[in-house]
$ cat protein_15.cif   # mmCIF, C-alpha atoms
data_start
loop_
_atom_site.group_PDB
_atom_site.id
_atom_site.type_symbol
_atom_site.label_atom_id
_atom_site.label_comp_id
_atom_site.auth_asym_id
_atom_site.auth_seq_id
_atom_site.Cartn_x
_atom_site.Cartn_y
_atom_site.Cartn_z
ATOM 1 C CA MET A 9 -103.280 -193.913 20.286
ATOM 2 C CA LYS A 10 -100.728 -196.441 21.535
ATOM 3 C CA THR A 11 -103.519 -198.620 22.952
ATOM 4 C CA ALA A 12 -105.186 -198.762 19.535
ATOM 5 C CA ALA A 13 -101.824 -199.517 17.908
ATOM 6 C CA ASN A 14 -101.198 -202.389 20.332
ATOM 7 C CA ALA A 15 -104.689 -203.767 19.706
ATOM 8 C CA LEU A 16 -104.172 -203.714 15.930
ATOM 9 C CA SER A 17 -100.770 -205.374 16.373
ATOM 10 C CA VAL A 18 -102.421 -208.226 18.290
ATOM 11 C CA LEU A 19 -105.324 -208.501 15.843
ATOM 12 C CA LEU A 20 -102.930 -208.734 12.878
ATOM 13 C CA HIS A 21 -100.175 -210.690 14.601
ATOM 14 C CA PRO A 22 -98.008 -212.806 12.250
ATOM 15 C CA VAL A 23 -99.201 -216.086 13.786
ATOM 16 C CA TRP A 24 -102.704 -215.509 12.382
ATOM 17 C CA MET A 25 -101.475 -214.854 8.844
ATOM 18 C CA PRO A 26 -101.062 -218.439 7.508
ATOM 19 C CA THR A 27 -104.630 -219.391 8.438
ATOM 20 C CA LEU A 28 -105.973 -216.060 7.184
ATOM 21 C CA THR A 29 -104.013 -216.439 3.950
ATOM 22 C CA ILE A 30 -105.529 -219.851 3.238
ATOM 23 C CA ALA A 31 -109.044 -218.599 4.005
ATOM 24 C CA ILE A 32 -108.691 -215.579 1.704
ATOM 25 C CA CYS A 33 -107.002 -217.533 -1.080
ATOM 26 C CA PHE A 34 -109.705 -220.201 -0.959
ATOM 27 C CA ALA A 35 -112.332 -217.478 -1.160
ATOM 28 C CA ILE A 36 -110.899 -215.765 -4.252
ATOM 29 C CA ASP A 37 -109.556 -218.822 -6.096
ATOM 30 C CA PRO A 38 -111.857 -221.887 -6.220
ATOM 31 C CA PHE A 39 -109.157 -223.910 -8.018
ATOM 32 C CA LEU A 40 -107.289 -224.197 -4.732
ATOM 33 C CA ARG A 41 -110.265 -225.919 -3.094
ATOM 34 C CA TYR A 42 -110.546 -228.606 -5.750
ATOM 35 C CA GLY A 43 -110.872 -232.044 -4.144
ATOM 36 C CA PHE A 44 -111.759 -230.684 -0.700
ATOM 37 C CA THR A 45 -115.083 -231.333 0.976
ATOM 38 C CA ARG A 46 -116.464 -228.687 3.347
ATOM 39 C CA ASP A 47 -115.324 -230.767 6.303
ATOM 40 C CA GLY A 48 -111.935 -231.216 4.658
ATOM 41 C CA VAL A 49 -111.509 -227.456 4.376
ATOM 42 C CA TRP A 50 -112.242 -226.988 8.080
ATOM 43 C CA ILE A 51 -109.840 -229.790 8.985
ATOM 44 C CA LEU A 52 -107.186 -228.011 6.917
ATOM 45 C CA TYR A 53 -107.890 -224.715 8.697
ATOM 46 C CA GLY A 54 -107.612 -226.460 12.052
ATOM 47 C CA MET A 55 -104.327 -228.133 11.177
ATOM 48 C CA VAL A 56 -102.748 -224.934 9.849
ATOM 49 C CA PHE A 57 -103.984 -222.904 12.825
ATOM 50 C CA THR A 58 -102.658 -225.465 15.295
ATOM 51 C CA MET A 59 -99.222 -225.714 13.687
ATOM 52 C CA THR A 60 -98.657 -222.062 12.820
ATOM 53 C CA ALA A 61 -100.551 -220.197 15.555
ATOM 54 C CA PHE A 62 -101.385 -222.306 18.607
ATOM 55 C CA PHE A 63 -98.040 -224.083 18.996
ATOM 56 C CA PRO A 64 -95.889 -220.952 18.415
ATOM 57 C CA LEU A 65 -97.992 -218.961 20.896
ATOM 58 C CA LEU A 66 -97.790 -221.744 23.455
ATOM 59 C CA SER A 67 -94.020 -221.896 22.974
ATOM 60 C CA ALA A 68 -93.745 -218.120 23.426
ATOM 61 C CA LEU A 69 -95.716 -218.313 26.681
ATOM 62 C CA LEU A 70 -93.449 -221.094 27.948
ATOM 63 C CA MET A 71 -90.389 -219.036 27.004
ATOM 64 C CA ARG A 72 -91.793 -216.099 28.954
ATOM 65 C CA ARG A 73 -92.517 -218.297 31.954
ATOM 66 C CA THR A 74 -89.007 -219.752 31.988
ATOM 67 C CA GLY A 75 -87.399 -216.341 31.587
ATOM 68 C CA MET A 76 -85.998 -216.899 28.101
ATOM 69 C CA VAL A 77 -87.767 -213.696 27.012
ATOM 70 C CA THR A 78 -88.601 -210.638 29.090
ATOM 71 C CA ASP A 79 -92.022 -210.097 27.561
ATOM 72 C CA ILE A 80 -94.402 -211.927 25.237
ATOM 73 C CA THR A 81 -93.955 -209.122 22.679
ATOM 74 C CA MET A 82 -90.176 -209.779 22.632
ATOM 75 C CA PRO A 83 -89.053 -206.155 22.287
ATOM 76 C CA GLN A 84 -85.358 -207.079 22.245
ATOM 77 C CA ARG A 85 -83.981 -208.220 18.892
ATOM 78 C CA MET A 86 -81.970 -211.182 20.212
ATOM 79 C CA GLU A 87 -84.971 -212.489 22.159
ATOM 80 C CA ARG A 88 -86.756 -213.068 18.877
ATOM 81 C CA ILE A 89 -84.196 -215.487 17.458
ATOM 82 C CA PRO A 90 -85.235 -218.618 19.444
ATOM 83 C CA ALA A 91 -88.910 -217.758 18.900
ATOM 84 C CA TYR A 92 -88.373 -217.456 15.139
ATOM 85 C CA PHE A 93 -86.417 -220.706 15.099
ATOM 86 C CA ILE A 94 -89.204 -222.594 16.894
ATOM 87 C CA THR A 95 -91.823 -221.029 14.616
ATOM 88 C CA LEU A 96 -89.764 -222.086 11.607
ATOM 89 C CA LEU A 97 -89.794 -225.689 12.835
ATOM 90 C CA TYR A 98 -93.571 -225.637 13.222
ATOM 91 C CA HIS A 99 -94.020 -224.127 9.771
ATOM 92 C CA GLY A 100 -91.710 -226.762 8.343
ATOM 93 C CA MET A 101 -93.816 -229.528 9.878
ATOM 94 C CA CYS A 102 -96.959 -227.859 8.570
ATOM 95 C CA TYR A 103 -95.498 -227.708 5.064
ATOM 96 C CA TYR A 104 -94.543 -231.378 5.271
ATOM 97 C CA LEU A 105 -98.078 -232.371 6.296
ATOM 98 C CA LEU A 106 -99.542 -230.320 3.449
ATOM 99 C CA TRP A 107 -97.064 -231.859 1.023
ATOM 100 C CA ARG A 108 -98.202 -235.349 2.080
ATOM 101 C CA THR A 109 -101.816 -234.546 1.182
ATOM 102 C CA ASN A 110 -103.419 -234.024 -2.218
ATOM 103 C CA MET A 111 -102.804 -230.283 -2.198
ATOM 104 C CA HIS A 112 -102.868 -227.785 -5.046
ATOM 105 C CA PRO A 113 -99.256 -226.904 -5.984
ATOM 106 C CA ASP A 114 -99.882 -223.186 -5.610
ATOM 107 C CA LEU A 115 -101.096 -223.670 -2.042
ATOM 108 C CA LEU A 116 -97.876 -225.535 -1.309
ATOM 109 C CA ALA A 117 -95.974 -222.726 -3.010
ATOM 110 C CA ILE A 118 -97.563 -220.166 -0.677
ATOM 111 C CA PHE A 119 -96.330 -222.097 2.350
ATOM 112 C CA LEU A 120 -92.934 -222.595 0.760
ATOM 113 C CA GLY A 121 -92.698 -218.834 0.295
ATOM 114 C CA ALA A 122 -93.662 -218.330 3.921
ATOM 115 C CA LEU A 123 -90.905 -220.744 4.961
ATOM 116 C CA VAL A 124 -88.336 -218.863 2.907
ATOM 117 C CA ALA A 125 -89.521 -215.572 4.431
ATOM 118 C CA LEU A 126 -89.177 -217.047 7.926
ATOM 119 C CA ILE A 127 -85.652 -218.258 7.206
ATOM 120 C CA ALA A 128 -84.700 -214.821 5.894
ATOM 121 C CA LEU A 129 -86.364 -213.185 8.897
ATOM 122 C CA LEU A 130 -84.353 -215.371 11.263
ATOM 123 C CA VAL A 131 -81.055 -214.668 9.496
ATOM 124 C CA ILE A 132 -81.668 -210.911 9.259
ATOM 125 C CA THR A 133 -82.615 -210.718 12.941
ATOM 126 C CA PHE A 134 -79.088 -211.762 13.936
ATOM 127 C CA ARG A 135 -77.938 -208.347 12.699
ATOM 128 C CA TRP A 136 -81.029 -206.144 12.351
ATOM 129 C CA LYS A 137 -84.529 -205.885 13.804
ATOM 130 C CA ILE A 138 -86.933 -206.315 10.888
ATOM 131 C CA SER A 139 -90.728 -206.209 11.319
ATOM 132 C CA ALA A 140 -92.253 -209.695 11.537
ATOM 133 C CA HIS A 141 -95.753 -208.178 11.504
ATOM 134 C CA MET A 142 -95.132 -206.579 8.117
ATOM 135 C CA THR A 143 -93.487 -209.751 6.813
ATOM 136 C CA GLY A 144 -96.654 -211.642 7.712
ATOM 137 C CA ILE A 145 -99.123 -209.304 6.050
ATOM 138 C CA GLY A 146 -96.737 -208.834 3.135
ATOM 139 C CA GLY A 147 -96.825 -212.593 2.606
ATOM 140 C CA LEU A 148 -100.618 -212.492 2.541
ATOM 141 C CA ILE A 149 -100.690 -209.699 -0.040
ATOM 142 C CA GLY A 150 -97.995 -211.369 -2.132
ATOM 143 C CA SER A 151 -100.090 -214.558 -2.228
ATOM 144 C CA VAL A 152 -103.204 -212.681 -3.372
ATOM 145 C CA VAL A 153 -101.308 -210.745 -6.059
ATOM 146 C CA ALA A 154 -99.694 -213.941 -7.362
ATOM 147 C CA LEU A 155 -103.019 -215.788 -7.585
ATOM 148 C CA MET A 156 -104.529 -212.838 -9.442
ATOM 149 C CA LEU A 157 -101.678 -213.015 -11.960
ATOM 150 C CA GLU A 158 -101.434 -216.818 -12.108
ATOM 151 C CA HIS A 159 -105.109 -217.836 -12.217
ATOM 152 C CA GLY A 160 -106.848 -214.608 -13.085
ATOM 153 C CA ALA A 161 -108.522 -214.418 -9.676
ATOM 154 C CA TYR A 162 -110.484 -211.156 -9.609
ATOM 155 C CA ALA A 163 -110.325 -209.363 -6.263
ATOM 156 C CA PRO A 164 -109.322 -205.707 -6.806
ATOM 157 C CA LEU A 165 -111.391 -204.346 -3.901
ATOM 158 C CA LEU A 166 -109.971 -206.968 -1.556
ATOM 159 C CA LEU A 167 -106.441 -206.143 -2.677
ATOM 160 C CA CYS A 168 -107.019 -202.418 -2.105
ATOM 161 C CA ALA A 169 -108.443 -203.170 1.346
ATOM 162 C CA LEU A 170 -105.434 -205.325 2.206
ATOM 163 C CA PHE A 171 -103.037 -202.541 1.253
ATOM 164 C CA VAL A 172 -104.983 -200.126 3.461
ATOM 165 C CA VAL A 173 -104.841 -202.619 6.341
ATOM 166 C CA ALA A 174 -101.102 -203.124 5.746
ATOM 167 C CA GLY A 175 -100.586 -199.375 5.898
ATOM 168 C CA ALA A 176 -102.536 -199.169 9.143
ATOM 169 C CA LEU A 177 -100.515 -202.038 10.601
ATOM 170 C CA GLY A 178 -97.239 -200.429 9.580
ATOM 171 C CA THR A 179 -98.303 -197.202 11.276
ATOM 172 C CA ALA A 180 -99.341 -199.161 14.365
ATOM 173 C CA ARG A 181 -95.943 -200.855 14.553
ATOM 174 C CA LEU A 182 -94.197 -197.485 14.339
ATOM 175 C CA ILE A 183 -96.324 -196.227 17.242
ATOM 176 C CA ALA A 184 -96.313 -199.367 19.406
ATOM 177 C CA SER A 185 -92.694 -200.495 18.937
ATOM 178 C CA ASP A 186 -89.237 -199.128 18.275
ATOM 179 C CA HIS A 187 -89.250 -200.149 14.610
ATOM 180 C CA SER A 188 -87.951 -197.685 12.065
ATOM 181 C CA PRO A 189 -89.703 -197.003 8.730
ATOM 182 C CA ALA A 190 -86.936 -198.949 6.955
ATOM 183 C CA GLN A 191 -87.664 -202.027 9.104
ATOM 184 C CA ILE A 192 -91.378 -201.707 8.347
ATOM 185 C CA TYR A 193 -90.907 -201.410 4.570
ATOM 186 C CA SER A 194 -88.271 -204.143 4.481
ATOM 187 C CA GLY A 195 -90.488 -206.571 6.359
ATOM 188 C CA PHE A 196 -93.366 -205.974 3.967
ATOM 189 C CA LEU A 197 -91.204 -206.372 0.865
ATOM 190 C CA LEU A 198 -89.638 -209.546 2.258
ATOM 191 C CA GLY A 199 -92.957 -211.285 2.875
ATOM 192 C CA CYS A 200 -94.565 -210.066 -0.341
ATOM 193 C CA SER A 201 -91.658 -211.010 -2.594
ATOM 194 C CA CYS A 202 -91.156 -214.468 -1.065
ATOM 195 C CA THR A 203 -94.753 -215.682 -1.432
ATOM 196 C CA ALA A 204 -95.372 -214.017 -4.799
ATOM 197 C CA THR A 205 -92.172 -215.406 -6.304
ATOM 198 C CA SER A 206 -92.850 -218.874 -4.905
ATOM 199 C CA VAL A 207 -96.357 -219.001 -6.411
ATOM 200 C CA LEU A 208 -95.402 -217.512 -9.785
ATOM 201 C CA TYR A 209 -92.257 -219.589 -10.278
ATOM 202 C CA GLY A 210 -92.732 -222.487 -7.862
ATOM 203 C CA GLY A 211 -94.271 -224.831 -10.402
ATOM 204 C CA SER A 212 -90.804 -225.877 -11.461
ATOM 205 C CA PHE A 213 -89.683 -226.734 -7.931
ATOM 206 C CA PRO A 214 -89.155 -230.523 -7.623
ATOM 207 C CA TRP A 215 -90.518 -230.649 -4.068
ATOM 208 C CA ASN A 216 -93.928 -229.205 -5.039
#
$ encode --input "protein_15.cif" --output "structure tokens"
Amino acid sequence: MKTAANALSVLLHPVWMPTLTIAICFAIDPFLRYGFTRDGVWILYGMVFTMTAFFPLLSALLMRRTGMVTDITMPQRMERIPAYFITLLYHGMCYYLLWRTNMHPDLLAIFLGALVALIALLVITFRWKISAHMTGIGGLIGSVVALMLEHGAYAPLLLCALFVVAGALGTARLIASDHSPAQIYSGFLLGCSCTATSVLYGGSFPWN
């Protein structure tokens, strides 16, 4: 059981969520793809993956090699703080690069929400161990819900499937880590509320 939980935790690790979020949002909402060629979409995927998955993972491996963390999974709460800080920097650079391109405002709002969630995750971790996995998948679900409300994107089966996957991931984190149910629920609500609020109300932000 714990082996399956660890496998699901790796498969749905937070570093994959930004790229997965863009792919799913592009699939359900064609307005977000306006102005992109097929090659342009793949270039965007590559850039987001590099900045939000490859670089953070590489940094985590270097931290493990230098002894800054005891394990790549970072089981200790205080070990996560430098990793979250570095990830926040990469996400900030990714947001800046997206902002410099001709990007749909709601796509920028999704990444802005993710940045806010990361900042909150970093601050909370100084005092409490909240689930980053659930924050990641919560951000994905919050983005989908917001696009369904904002643009009328129709994806009820996808949304139901995502909630089932989120439930499975939450169960896996309870089995594979020392998270409490409160940390699981809080992480999900943090990610979901940040991205959904940013998309629904981010049109008035001057930096979008």
$ atom_distance --input "protein_15.cif" --atom1 "atom CA of Val49 of chain A" --atom2 "atom CA of Asp114 of chain A"
15.9 Å
$ resolve_selection --input "protein_15.cif" --expression "the PyMOL selection byres ((chain A and resi 173-184) around 9)" --output "list in words"
Met9, Lys10, Thr11, Ala12, Ala13, Asn14, Ala15, Leu16, Ser17, Leu20, Ser139, His141, Met142, Ile145, Gly146, Ile149, Cys168, Ala169, Leu170, Phe171, Val172, Ser185, Asp186, His187, Ser188, Pro189, Ile192, Tyr193 and Phe196 of chain A
$ resolve_selection --input "protein_15.cif" --expression "the PyMOL selection byres ((chain A and resi 62-70) around 10)" --output "ChimeraX atom specification"
/A:23-24,54-61,71-77,79-82,88,90-92,94-99
$ residues_near_point --input "protein_15.cif" --point "(-85.5, -209.6, 10.0)" --cutoff "10 Å" --atoms "all atoms listed in the file" --output "ChimeraX atom specification"
/A:85,88-89,92,125-140,143,191-192,194-195,198
$ residues_around --input "protein_15.cif" --residues "Gly150 of chain A" --least-positions-apart "3" --cutoff "10 Å" --atoms "all atoms listed in the file" --output "PyMOL selection string"
chain A and resi 29+118+121+144-147+153-156+167+196-207
$ resolve_selection --input "protein_15.cif" --expression "the PyMOL selection byres ((chain A and resi 30) around 9)" --output "CSV table (one decimal) with C-alpha atoms, keeping the file's coordinate frame"
chain,number,residue,atom,x,y,z
A,25,MET,CA,-101.5,-214.9,8.8
A,26,PRO,CA,-101.1,-218.4,7.5
A,27,THR,CA,-104.6,-219.4,8.4
A,28,LEU,CA,-106.0,-216.1,7.2
A,29,THR,CA,-104.0,-216.4,4.0
A,31,ALA,CA,-109.0,-218.6,4.0
A,32,ILE,CA,-108.7,-215.6,1.7
A,33,CYS,CA,-107.0,-217.5,-1.1
A,34,PHE,CA,-109.7,-220.2,-1.0
A,35,ALA,CA,-112.3,-217.5,-1.2
A,53,TYR,CA,-107.9,-224.7,8.7
A,56,VAL,CA,-102.7,-224.9,9.8
A,115,LEU,CA,-101.1,-223.7,-2.0
A,118,ILE,CA,-97.6,-220.2,-0.7
A,148,LEU,CA,-100.6,-212.5,2.5
$ axis_aligned_box --input "protein_15.cif" --around "segment 110-121 of chain A" --padding-each-side "3 Å" --output "AutoDock Vina command-line options"
--center_x -98.1 --center_y -226.4 --center_z -1.8 --size_x 16.7 --size_y 21.2 --size_z 14.3
$ atom_distance --input "protein_15.cif" --atom1 "atom CA of Ser151 of chain A" --atom2 "atom CA of Leu120 of chain A"
11.2 Å
$ atom_distance --input "protein_15.cif" --atom1 "atom CA of Ala161 of chain A" --atom2 "atom CA of Leu40 of chain A"
11.0 Å
$ closest_residue --input "protein_15.cif" --among "A:Ala122, A:Leu208, A:Glu87, A:Ala163" --to "Gly100 of chain A" --atoms "all atoms listed in the file"
A:Ala122
$ closest_residue --input "protein_15.cif" --among "A:Phe39, A:Tyr162, A:Tyr209, A:Phe119" --to "Cys102 of chain A" --atoms "only C-alpha atoms"
A:Phe119
